[in-house]
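**Q** Pasting start39.cif below, which is mmCIF, C-alpha atoms.
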data_data
#
loop_
_atom_site.label_atom_id
_atom_site.label_comp_id
_atom_site.auth_asym_id
_atom_site.auth_seq_id
_atom_site.Cartn_x
_atom_site.Cartn_y
_atom_site.Cartn_z
CA MET A 19 9.21 -12.57 -30.10
CA THR A 20 12.33 -14.29 -28.90
CA LEU A 21 14.17 -13.12 -25.82
CA ARG A 22 16.96 -11.81 -28.06
CA ILE A 23 14.73 -9.59 -30.17
CA ARG A 24 12.99 -8.44 -27.03
CA ARG A 25 16.29 -7.38 -25.50
CA VAL A 26 17.23 -5.42 -28.63
CA VAL A 27 13.86 -3.67 -28.70
CA PHE A 28 14.20 -2.87 -25.00
CA LEU A 29 17.72 -1.49 -25.43
CA LEU A 30 16.55 0.80 -28.25
CA ALA A 31 13.40 2.01 -26.50
CA GLY A 32 15.00 2.12 -23.05
CA GLY A 33 18.06 3.96 -24.40
CA THR A 34 15.85 6.61 -25.98
CA LEU A 35 13.80 6.98 -22.79
CA ALA A 36 16.98 7.19 -20.69
CA ALA A 37 18.39 9.92 -22.92
CA LEU A 38 15.18 11.93 -22.72
CA MET A 39 14.97 11.48 -18.95
CA LEU A 40 18.60 12.48 -18.43
CA GLY A 41 17.89 15.63 -20.42
CA SER A 42 14.86 16.50 -18.31
CA PHE A 43 16.63 15.61 -15.05
CA ALA A 44 19.35 18.12 -15.97
CA ALA A 45 16.73 20.87 -15.85
CA LEU A 46 15.62 19.93 -12.32
CA PRO A 47 16.79 22.01 -9.36
CA SER A 48 19.85 20.31 -7.89
CA PHE A 49 19.37 17.79 -5.07
CA GLY A 50 18.84 19.48 -1.73
CA GLY A 51 17.34 22.66 -3.17
CA SER A 52 13.65 21.89 -3.21
CA HIS A 53 11.63 24.75 -4.72
CA GLY A 54 8.08 23.54 -4.30
CA ALA A 55 5.67 26.48 -4.02
CA TYR A 56 2.81 24.77 -2.19
CA GLY A 57 4.84 22.76 0.33
CA PRO A 58 6.25 25.76 2.28
CA LEU A 59 2.84 27.43 2.11
CA LEU A 60 1.19 24.43 3.78
CA ASP A 61 4.05 24.19 6.30
CA HIS A 62 2.98 27.61 7.55
CA LEU A 63 -0.76 27.03 7.23
CA SER A 64 -1.54 23.58 8.59
CA VAL A 65 -0.66 24.19 12.26
CA PRO A 66 -2.32 27.62 12.76
CA GLN A 67 -5.28 26.93 10.47
CA HIS A 68 -6.30 23.35 11.28
CA HIS A 69 -3.99 22.41 14.21
CA ILE A 70 -2.41 19.53 12.24
CA THR A 71 1.25 19.13 13.21
CA ASP A 72 2.05 16.39 10.66
CA VAL A 73 1.95 18.34 7.41
CA VAL A 74 2.06 15.15 5.29
CA THR A 75 -1.23 14.10 6.90
CA ALA A 76 -2.54 17.65 6.42
CA VAL A 77 -1.88 17.30 2.68
CA ASN A 78 -3.32 13.80 2.41
CA PHE A 79 -6.42 14.02 4.55
CA ASP A 80 -7.28 17.70 4.57
CA TYR A 81 -6.01 19.97 1.80
CA ARG A 82 -5.84 17.16 -0.78
CA GLY A 83 -8.48 14.97 0.84
CA PHE A 84 -10.47 14.49 -2.34
CA ASP A 85 -7.53 12.79 -4.06
CA THR A 86 -7.00 10.55 -1.05
CA LEU A 87 -10.66 9.53 -1.30
CA GLY A 88 -9.85 8.32 -4.83
CA GLU A 89 -6.73 6.59 -3.56
CA GLU A 90 -8.75 4.80 -0.90
CA PHE A 91 -11.19 3.59 -3.52
CA ILE A 92 -8.33 2.30 -5.68
CA PHE A 93 -7.43 0.06 -2.76
CA PHE A 94 -11.10 -0.83 -2.23
CA ALA A 95 -11.46 -1.81 -5.89
CA ALA A 96 -8.25 -3.83 -5.78
CA VAL A 97 -9.47 -5.85 -2.78
CA LEU A 98 -12.79 -6.45 -4.55
CA GLY A 99 -10.89 -7.52 -7.66
CA VAL A 100 -8.70 -9.97 -5.75
CA ALA A 101 -11.75 -11.47 -3.99
CA LEU A 102 -13.43 -11.85 -7.38
CA ILE A 103 -10.40 -13.37 -9.13
CA LEU A 104 -9.60 -15.76 -6.26
CA ARG A 105 -13.16 -17.09 -5.80
CA ALA A 106 -13.60 -20.86 -5.98
CA GLN A 107 -13.41 -21.93 -9.62
CA ARG A 108 -15.64 -24.52 -11.23
CA GLY A 109 -14.83 -27.98 -9.89
CA GLU A 110 -12.76 -26.74 -6.96
CA VAL A 111 -13.77 -28.10 -3.58
CA VAL A 112 -13.22 -26.90 -0.05
CA GLY A 113 -10.82 -29.17 1.81
CA HIS A 114 -9.57 -29.23 5.38
CA SER A 115 -7.97 -25.94 6.28
CA VAL A 116 -4.70 -27.53 7.34
CA ASP A 117 -1.33 -26.80 5.81
CA TYR A 118 -0.44 -29.74 3.66
CA ALA A 119 1.99 -30.65 0.93
CA THR A 120 1.46 -33.72 -1.20
CA ASP A 121 5.12 -34.72 -1.40
CA ARG A 122 6.57 -33.93 2.00
CA ALA A 123 5.69 -33.76 5.66
CA VAL A 124 4.92 -30.29 7.02
CA PRO A 125 6.80 -29.72 10.29
CA PRO A 126 4.63 -28.47 13.17
CA THR A 127 4.94 -24.81 14.14
CA SER A 128 7.73 -24.46 16.67
CA ASP A 129 6.98 -23.27 20.20
CA VAL A 130 9.19 -20.23 19.72
CA VAL A 131 7.09 -19.03 16.77
CA ARG A 132 3.89 -19.73 18.72
CA VAL A 133 4.94 -17.82 21.82
CA LEU A 134 6.51 -14.90 19.96
CA GLY A 135 3.65 -14.67 17.46
CA LEU A 136 0.94 -14.61 20.09
CA GLY A 137 3.02 -12.45 22.45
CA LEU A 138 3.62 -9.84 19.75
CA THR A 139 -0.01 -9.66 18.64
CA PRO A 140 -1.37 -7.38 21.43
CA PRO A 141 1.49 -4.84 21.21
CA THR A 142 1.19 -4.84 17.41
CA VAL A 143 -2.54 -4.14 17.52
CA LEU A 144 -2.02 -1.46 20.18
CA PHE A 145 0.72 0.16 18.09
CA GLY A 146 -1.54 0.05 15.03
CA LEU A 147 -4.31 1.84 16.92
CA TYR A 148 -1.76 4.37 18.19
CA VAL A 149 -0.49 5.08 14.66
CA VAL A 150 -4.08 5.53 13.37
CA ALA A 151 -5.09 7.78 16.27
CA HIS A 152 -2.02 10.05 16.11
CA GLY A 153 -1.89 10.49 12.32
CA HIS A 154 -2.51 14.23 12.55
CA LEU A 155 0.19 14.75 15.18
CA THR A 156 3.13 12.52 14.30
CA PRO A 157 4.09 10.42 11.25
CA GLY A 158 1.40 7.83 10.61
CA GLY A 159 -2.29 7.78 9.84
CA GLY A 160 -4.98 5.47 8.56
CA PHE A 161 -2.98 3.82 5.80
CA GLN A 162 0.11 3.04 7.86
CA GLY A 163 -1.82 2.13 11.02
CA GLY A 164 -4.21 -0.07 9.06
CA VAL A 165 -1.31 -2.09 7.70
CA VAL A 166 0.14 -2.50 11.22
CA LEU A 167 -3.29 -3.66 12.49
CA ALA A 168 -3.55 -6.25 9.72
CA THR A 169 -0.07 -7.51 10.68
CA GLY A 170 -1.50 -8.43 14.09
CA VAL A 171 -3.90 -10.85 12.41
CA LEU A 172 -1.10 -12.25 10.28
CA LEU A 173 0.89 -12.94 13.48
CA ILE A 174 -1.99 -15.05 14.84
CA TYR A 175 -1.95 -17.09 11.63
CA LEU A 176 1.83 -17.53 11.85
CA ALA A 177 1.52 -18.74 15.43
CA GLY A 178 -1.22 -21.23 14.69
CA GLU A 179 -3.42 -22.49 11.89
CA LEU A 180 -5.79 -20.80 9.49
CA GLU A 181 -8.68 -22.26 11.50
CA ASP A 182 -7.65 -20.11 14.47
CA LEU A 183 -8.58 -17.07 12.41
CA HIS A 184 -12.07 -18.39 11.69
CA GLY A 185 -13.08 -17.85 15.31
CA LEU A 186 -11.84 -14.26 15.07
CA TYR A 187 -13.87 -12.95 12.18
CA THR A 188 -16.01 -14.00 9.24
CA GLU A 189 -15.40 -12.86 5.71
CA ALA A 190 -18.79 -11.13 5.66
CA ALA A 191 -17.85 -9.11 8.75
CA LEU A 192 -14.59 -8.04 7.11
CA GLU A 193 -16.39 -6.98 3.96
CA ARG A 194 -18.83 -4.96 6.05
CA ALA A 195 -16.00 -3.34 8.03
CA GLU A 196 -14.21 -2.43 4.81
CA ALA A 197 -17.36 -0.92 3.34
CA ILE A 198 -18.06 1.05 6.53
CA GLY A 199 -14.49 2.38 6.45
CA ALA A 200 -14.81 3.46 2.83
CA ALA A 201 -18.25 5.01 3.40
CA GLY A 202 -17.02 6.76 6.56
CA PHE A 203 -14.60 8.85 4.53
CA ILE A 204 -17.45 10.04 2.30
CA GLY A 205 -19.66 10.60 5.36
CA VAL A 206 -17.04 12.85 6.98
CA GLY A 207 -16.71 14.67 3.66
CA LEU A 208 -20.45 15.33 3.64
CA LEU A 209 -20.10 17.17 7.00
CA GLY A 210 -18.48 19.96 5.00
CA LEU A 211 -21.49 20.15 2.70
CA ALA A 212 -23.85 20.09 5.69
CA ALA A 213 -21.97 23.05 7.16
CA GLY A 214 -22.62 24.93 3.95
CA THR A 215 -19.07 25.00 2.55
CA ALA A 216 -17.53 22.31 0.32
CA PHE A 217 -17.19 18.52 0.25
CA LEU A 218 -14.29 17.40 2.53
CA ASP A 219 -13.87 20.94 3.89
CA ASN A 220 -12.53 20.76 7.44
CA THR A 221 -15.36 22.48 9.30
CA LEU A 222 -15.26 20.63 12.63
CA PRO A 223 -13.77 22.32 15.74
CA VAL A 224 -9.95 22.07 15.57
CA GLY A 225 -9.30 21.65 19.31
CA ARG A 226 -6.01 22.24 21.11
CA ILE A 227 -2.74 21.84 19.15
CA GLY A 228 -1.07 18.52 20.00
CA SER A 229 -4.17 16.85 21.42
CA VAL A 230 -5.48 13.56 20.01
CA PHE A 231 -8.91 15.18 19.73
CA SER A 232 -7.87 18.05 17.51
CA ALA A 233 -7.47 18.86 13.81
CA GLY A 234 -11.22 18.69 13.11
CA MET A 235 -12.23 15.95 10.71
CA VAL A 236 -8.72 14.52 10.19
CA PRO A 237 -8.77 11.94 13.05
CA LEU A 238 -12.23 10.80 11.89
CA VAL A 239 -10.99 10.34 8.32
CA ASN A 240 -7.90 8.52 9.62
CA ALA A 241 -10.05 6.19 11.71
CA SER A 242 -12.29 5.27 8.76
CA VAL A 243 -9.29 4.80 6.45
CA GLY A 244 -7.58 2.70 9.13
CA LEU A 245 -10.66 0.48 9.41
CA GLU A 246 -10.89 0.14 5.63
CA ILE A 247 -7.21 -0.66 5.12
CA ALA A 248 -7.01 -3.11 8.04
CA ALA A 249 -10.17 -4.98 6.99
CA GLY A 250 -9.16 -4.87 3.31
CA LEU A 251 -5.68 -6.22 3.96
CA VAL A 252 -6.98 -9.03 6.19
CA LEU A 253 -9.48 -9.83 3.44
CA LEU A 254 -6.63 -9.97 0.90
CA LEU A 255 -4.66 -12.18 3.26
CA THR A 256 -7.63 -14.50 3.84
CA ASN A 257 -8.24 -14.81 0.12
CA PHE A 258 -4.65 -15.74 -0.67
CA LEU A 259 -4.47 -18.16 2.28
CA HIS A 260 -7.72 -19.85 1.25
CA GLN A 261 -6.31 -20.24 -2.21
CA THR A 262 -3.35 -22.31 -1.01
CA ILE A 263 -4.71 -23.93 2.13
CA VAL A 264 -8.44 -24.52 1.71
CA LEU A 265 -9.33 -24.81 -1.98
CA ARG A 266 -8.45 -28.12 -3.66
CA ALA A 267 -8.54 -29.06 -7.30
CA PRO A 268 -10.91 -31.98 -8.05
CA GLY A 269 -9.40 -35.33 -7.10
CA ARG A 270 -7.03 -33.85 -4.52
CA VAL A 271 -9.48 -33.33 -1.73
CA SER A 272 -7.53 -34.18 1.38
CA ARG A 273 -5.14 -36.56 3.02
CA MET B 12 27.47 13.74 -5.54
CA THR B 13 24.37 15.89 -5.67
CA ALA B 14 23.00 13.91 -8.63
CA LEU B 15 23.25 10.53 -6.92
CA PRO B 16 19.57 10.18 -5.80
CA PHE B 17 18.37 10.90 -9.34
CA VAL B 18 20.88 8.40 -10.76
CA VAL B 19 19.60 5.79 -8.29
CA ALA B 20 15.99 6.51 -9.36
CA LEU B 21 16.91 6.13 -13.05
CA TRP B 22 18.87 2.97 -12.36
CA LEU B 23 15.99 1.41 -10.41
CA LEU B 24 13.57 2.35 -13.22
CA PHE B 25 15.63 0.72 -15.96
CA VAL B 26 16.78 -2.30 -14.00
CA GLY B 27 13.12 -2.94 -13.12
CA LEU B 28 11.94 -2.42 -16.69
CA TYR B 29 14.62 -4.79 -17.98
CA GLY B 30 13.38 -7.38 -15.52
CA VAL B 31 9.76 -6.91 -16.63
CA VAL B 32 10.78 -7.30 -20.28
CA THR B 33 12.98 -10.37 -19.91
CA SER B 34 11.42 -12.19 -16.93
CA ARG B 35 10.51 -15.86 -17.33
CA ASN B 36 8.37 -16.09 -14.20
CA LEU B 37 5.24 -14.04 -13.48
CA VAL B 38 5.92 -13.65 -9.76
CA HIS B 39 9.43 -12.43 -10.56
CA GLN B 40 7.92 -10.10 -13.14
CA ILE B 41 5.53 -8.60 -10.57
CA ILE B 42 8.44 -8.01 -8.21
CA CYS B 43 10.29 -6.29 -11.06
CA LEU B 44 7.30 -3.99 -11.44
CA SER B 45 7.60 -3.18 -7.72
CA VAL B 46 11.23 -2.21 -8.35
CA VAL B 47 10.06 0.17 -11.11
CA GLN B 48 7.64 1.68 -8.61
CA ALA B 49 10.40 2.00 -6.03
CA SER B 50 12.21 4.29 -8.47
CA THR B 51 9.27 6.70 -8.30
CA TYR B 52 9.50 6.77 -4.49
CA VAL B 53 13.20 7.64 -4.64
CA PHE B 54 12.56 10.27 -7.30
CA LEU B 55 9.67 11.95 -5.48
CA LEU B 56 11.49 12.08 -2.15
CA SER B 57 14.65 13.42 -3.84
CA VAL B 58 12.73 16.22 -5.56
CA GLY B 59 11.31 17.37 -2.22
CA TYR B 60 14.56 17.33 -0.24
CA SER B 61 16.19 20.53 1.04
CA LYS B 62 19.67 20.66 2.54
CA GLY B 63 19.65 20.33 6.30
CA ALA B 64 15.89 19.90 6.35
CA THR B 65 13.96 17.59 8.67
CA ALA B 66 10.59 15.83 8.42
CA PRO B 67 7.58 18.16 8.02
CA VAL B 68 6.18 17.27 11.44
CA PHE B 69 5.85 20.29 13.73
CA ALA B 70 5.00 18.28 16.83
CA ASP B 71 8.42 18.78 18.42
CA ILE B 72 10.37 21.23 16.24
CA PRO B 73 10.25 25.06 16.07
CA ASN B 74 7.89 26.48 13.45
CA ASN B 75 10.66 28.19 11.49
CA ARG B 76 12.75 25.02 11.01
CA VAL B 77 13.52 24.09 7.36
CA VAL B 78 11.54 20.98 6.38
CA VAL B 79 11.33 18.82 3.27
CA ASP B 80 8.42 19.32 0.86
CA PRO B 81 5.33 17.63 2.38
CA ILE B 82 3.50 17.51 -0.98
CA VAL B 83 5.84 14.94 -2.55
CA GLN B 84 5.90 12.95 0.68
CA ALA B 85 2.10 12.71 0.57
CA LEU B 86 2.32 11.72 -3.11
CA THR B 87 4.76 8.96 -2.17
CA LEU B 88 2.26 7.60 0.34
CA THR B 89 -0.36 7.47 -2.43
CA ASP B 90 2.21 5.80 -4.65
CA VAL B 91 2.95 3.08 -2.06
CA VAL B 92 -0.76 2.32 -1.54
CA VAL B 93 -1.44 2.09 -5.27
CA GLY B 94 1.67 -0.07 -5.67
CA ALA B 95 0.42 -2.53 -3.05
CA ALA B 96 -3.02 -2.66 -4.71
CA VAL B 97 -1.50 -3.33 -8.14
CA SER B 98 0.78 -6.07 -6.79
CA ALA B 99 -2.10 -7.80 -5.01
CA LEU B 100 -4.26 -7.83 -8.14
CA LEU B 101 -1.44 -9.07 -10.37
CA LEU B 102 -0.49 -11.82 -7.91
CA ALA B 103 -4.12 -12.98 -7.79
CA ILE B 104 -4.17 -13.18 -11.60
CA ALA B 105 -0.87 -15.12 -11.53
CA VAL B 106 -2.36 -17.62 -9.06
CA GLN B 107 -5.35 -18.32 -11.32
CA LEU B 108 -3.15 -18.47 -14.40
CA HIS B 109 -0.93 -21.07 -12.79
CA LYS B 110 -3.99 -23.11 -11.90
CA ARG B 111 -5.27 -23.08 -15.48
CA THR B 112 -2.07 -23.57 -17.41
CA GLY B 113 0.26 -25.13 -14.85
CA SER B 114 2.92 -22.61 -15.79
CA LEU B 115 4.13 -19.21 -14.61
CA ASP B 116 6.26 -18.54 -17.68
CA PRO B 117 4.92 -15.58 -19.68
CA GLU B 118 6.28 -17.26 -22.81
CA ASP B 119 3.75 -20.07 -22.36
CA LEU B 120 0.79 -17.71 -22.42
CA ARG B 121 0.82 -17.07 -26.14
CA SER B 122 0.77 -20.62 -27.50
CA ARG B 123 -2.15 -21.86 -25.42
CA PRO B 124 -5.65 -21.99 -26.85
CA SER B 125 -8.14 -20.18 -24.64
CA GLN B 126 -10.22 -22.41 -22.43
#
Translate the structure of the given file into structure tokens.
**A**
Amino acid sequence: MTLRIRRVVFLLAGGTLAALMLGSFAALPSFGGSHGAYGPLLDHLSVPQHHITDVVTAVNFDYRGFDTLGEEFIFFAAVLGVALILRAQRGEVVGHSVDYATDRAVPPTSDVVRVLGLGLTPPTVLFGLYVVAHGHLTPGGGFQGGVVLATGVLLIYLAGELEDLHGLYTEAALERAEAIGAAGFIGVGLLGLAAGTAFLDNTLPVGRIGSVFSAGMVPLVNASVGLEIAAGLVLLLTNFLHQTIVLRAPGRVSR
Amino acid sequence: MTALPFVVALWLLFVGLYGVVTSRNLVHQIICLSVVQASTYVFLLSVGYSKGATAPVFADIPNNRVVVDPIVQALTLTDVVVGAAVSALLLAIAVQLHKRTGSLDPEDLRSRPSQ
């Protein structure tokens, strides 16, 4: 199919879809007049019932926790898939893990990047832990905090070389951490079954409103999701970096 | 302009789809797909908005304050996570494809015999 025909087909199909969507959008309540039935209900339930002040977290990790379990496993499967796709192919060899380009010199990392990168790493990790730990109180949670935590590792790479990361963790440890995070979610869910109610039912003591140790199982779920996301993202990062920096096609081993 | 957020969502959807259809570079194509996904974020958040409402976080606001719909916000979070997972997988496939064929042009995929 040439680009021209493709454009024509797209205009026809896209035009039809746009017309249908415009028609259905016209039937929506106007912007600013949200009429969700469940949202307001949860707004009034989540604080008195489970002492969760961030209702978005209440939806994700408590009332709709089962769906979030699925969401977490989508991410888990994606990380597995990337690790599988980016494994060393036949004939590829492991070279020196040093940035190199065959046709130009790679400038050394500047001191500014080194200092800022390393200086920002501790606050970034601390902030990540804060976001994970306060997910049930203020905006944040395991997913967001996990991403911030993984950024800390990325900063270390930016400030140095890939080899600096090798002293920090091994790939096997990351895989284990990711698996523990994923299994932790299920484990917390089983507490509900053990208490005689339902899977992922929030049966733990809910504590005092506004305290870090409140909201029952939600901080535990957030912690395990945070661990899974942080380890998974670093694993993704390591896989992509290995692909460009460490693996060499045959005949292009090293300088 | 009460319809503006929905118009923006539609525009992002179709501009992204057009990019996916006509792109000549796989990395560009994956980014176009992210644009399509961004339209769903705008749409979901627009559906849940109420006039004068604030974020559904009752840590520092009175309990009777009008807030936006937390359900669609939670859905958007799911959406973002799935979007990141999809992008990562597609980029990994693009990397291997480039290694095998030396090209990132989707047009080149068809004519090559499988290895």
**Q** Can you pull out the residues contacting Phe145 of chain A? Cut-off 8 Å, using all atoms listed in the file, and skip same-chain residues under 3 positions away; I want them as a ChimeraX atom specification.
**A** /A:141-142,148-149,163,166-167
**Q** Show me, as a ChimeraX atom specification, every residue of chain B with an atom at most 6 Å from chain A, counting only C-alpha atoms.
**A** /B:13,59-62,67-70,80-82,85,96,100,103
**Q** If the PyMOL selection byres ((chain B and resi 37) around 7) were run on this exact file, what residues would it hold? Put them as a VMD selection string.
**A** chain B and resid 35 to 36 38 to 41 105 115 to 117
**Q** Would you mind exporting C-alpha atoms of the selected residues as a short mmCIF file (atom, residue, chain, number, x, y, z; two decimals), in the coordinates of the input?
**A**
data_model
loop_
_atom_site.label_atom_id
_atom_site.label_comp_id
_atom_site.auth_asym_id
_atom_site.auth_seq_id
_atom_site.Cartn_x
_atom_site.Cartn_y
_atom_site.Cartn_z
CA ARG B 35 10.51 -15.86 -17.33
CA ASN B 36 8.37 -16.09 -14.20
CA VAL B 38 5.92 -13.65 -9.76
CA HIS B 39 9.43 -12.43 -10.56
CA GLN B 40 7.92 -10.10 -13.14
CA ILE B 41 5.53 -8.60 -10.57
CA ALA B 105 -0.87 -15.12 -11.53
CA LEU B 115 4.13 -19.21 -14.61
CA ASP B 116 6.26 -18.54 -17.68
CA PRO B 117 4.92 -15.58 -19.68
#
**Q** On this file, the PyMOL selection byres ((chain A and resi 239) around 12) gives some set of residues; write that set as a PyMOL selection string.
**A** chain A and resi 75-76+78-80+83-84+86-87+90+150-154+159-161+198-209+218-220+222+233-238+240-246
**Q** With all atoms listed in the file as the atoms that count, which of B:Leu86, B:Ala20, B:Val93, B:Ala64 lies nearest to Ser50 of chain B?
**A**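 Answer, going by the shortest atom-to-atom distance: B:Ala20.
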**Q** Do you have the atom CA of Leu134 of chain A-atom CA of Ala168 of chain A distance handy?
**A**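 Going from atom CA of Leu134 of chain A over to atom CA of Ala168 of chain A covers 16.8 Å.
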**Q** To one decimal place in Å, what is the distance between atom CA of Gly94 of chain B and atom CA of Ser45 of chain B?
**A**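 If I compute the distance from atom CA of Gly94 of chain B to atom CA of Ser45 of chain B, I get 7.0 Å.
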**Q** Using all atoms listed in the file, can you tell me which of B:Gln48, B:Ser57, B:Ser34, B:Asn74 comes closest to Phe17 of chain B?
**A**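 Among B:Gln48, B:Ser57, B:Ser34, B:Asn74, it is B:Ser57 that comes nearest to Phe17 of chain B.
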**Q** What is the distance between atom CA of Val252 of chain A and atom CA of Gly135 of chain A, in Å to one decimal?
**A**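 Here the two named atoms are 16.5 Å from each other.
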**Q** Please report, as AutoDock Vina command-line options, the centre and edge lengths in Å to one decimal of an axis-aligned box covering all listed atoms of segment 249-260 of chain A with 4 Å per side.
**A**
--center_x -7.3 --center_y -12.4 --center_z 3.2 --size_x 13.7 --size_y 23.0 --size_z 15.7
**Q** Can you give me, as JSON, numbers by chain, the residues this file yields under the PyMOL selection byres ((chain A and resi 189-191) around 10)?
**A** {"A": [184, 187, 188, 192, 193, 194, 195, 196, 197, 249, 252, 253, 256, 257]}
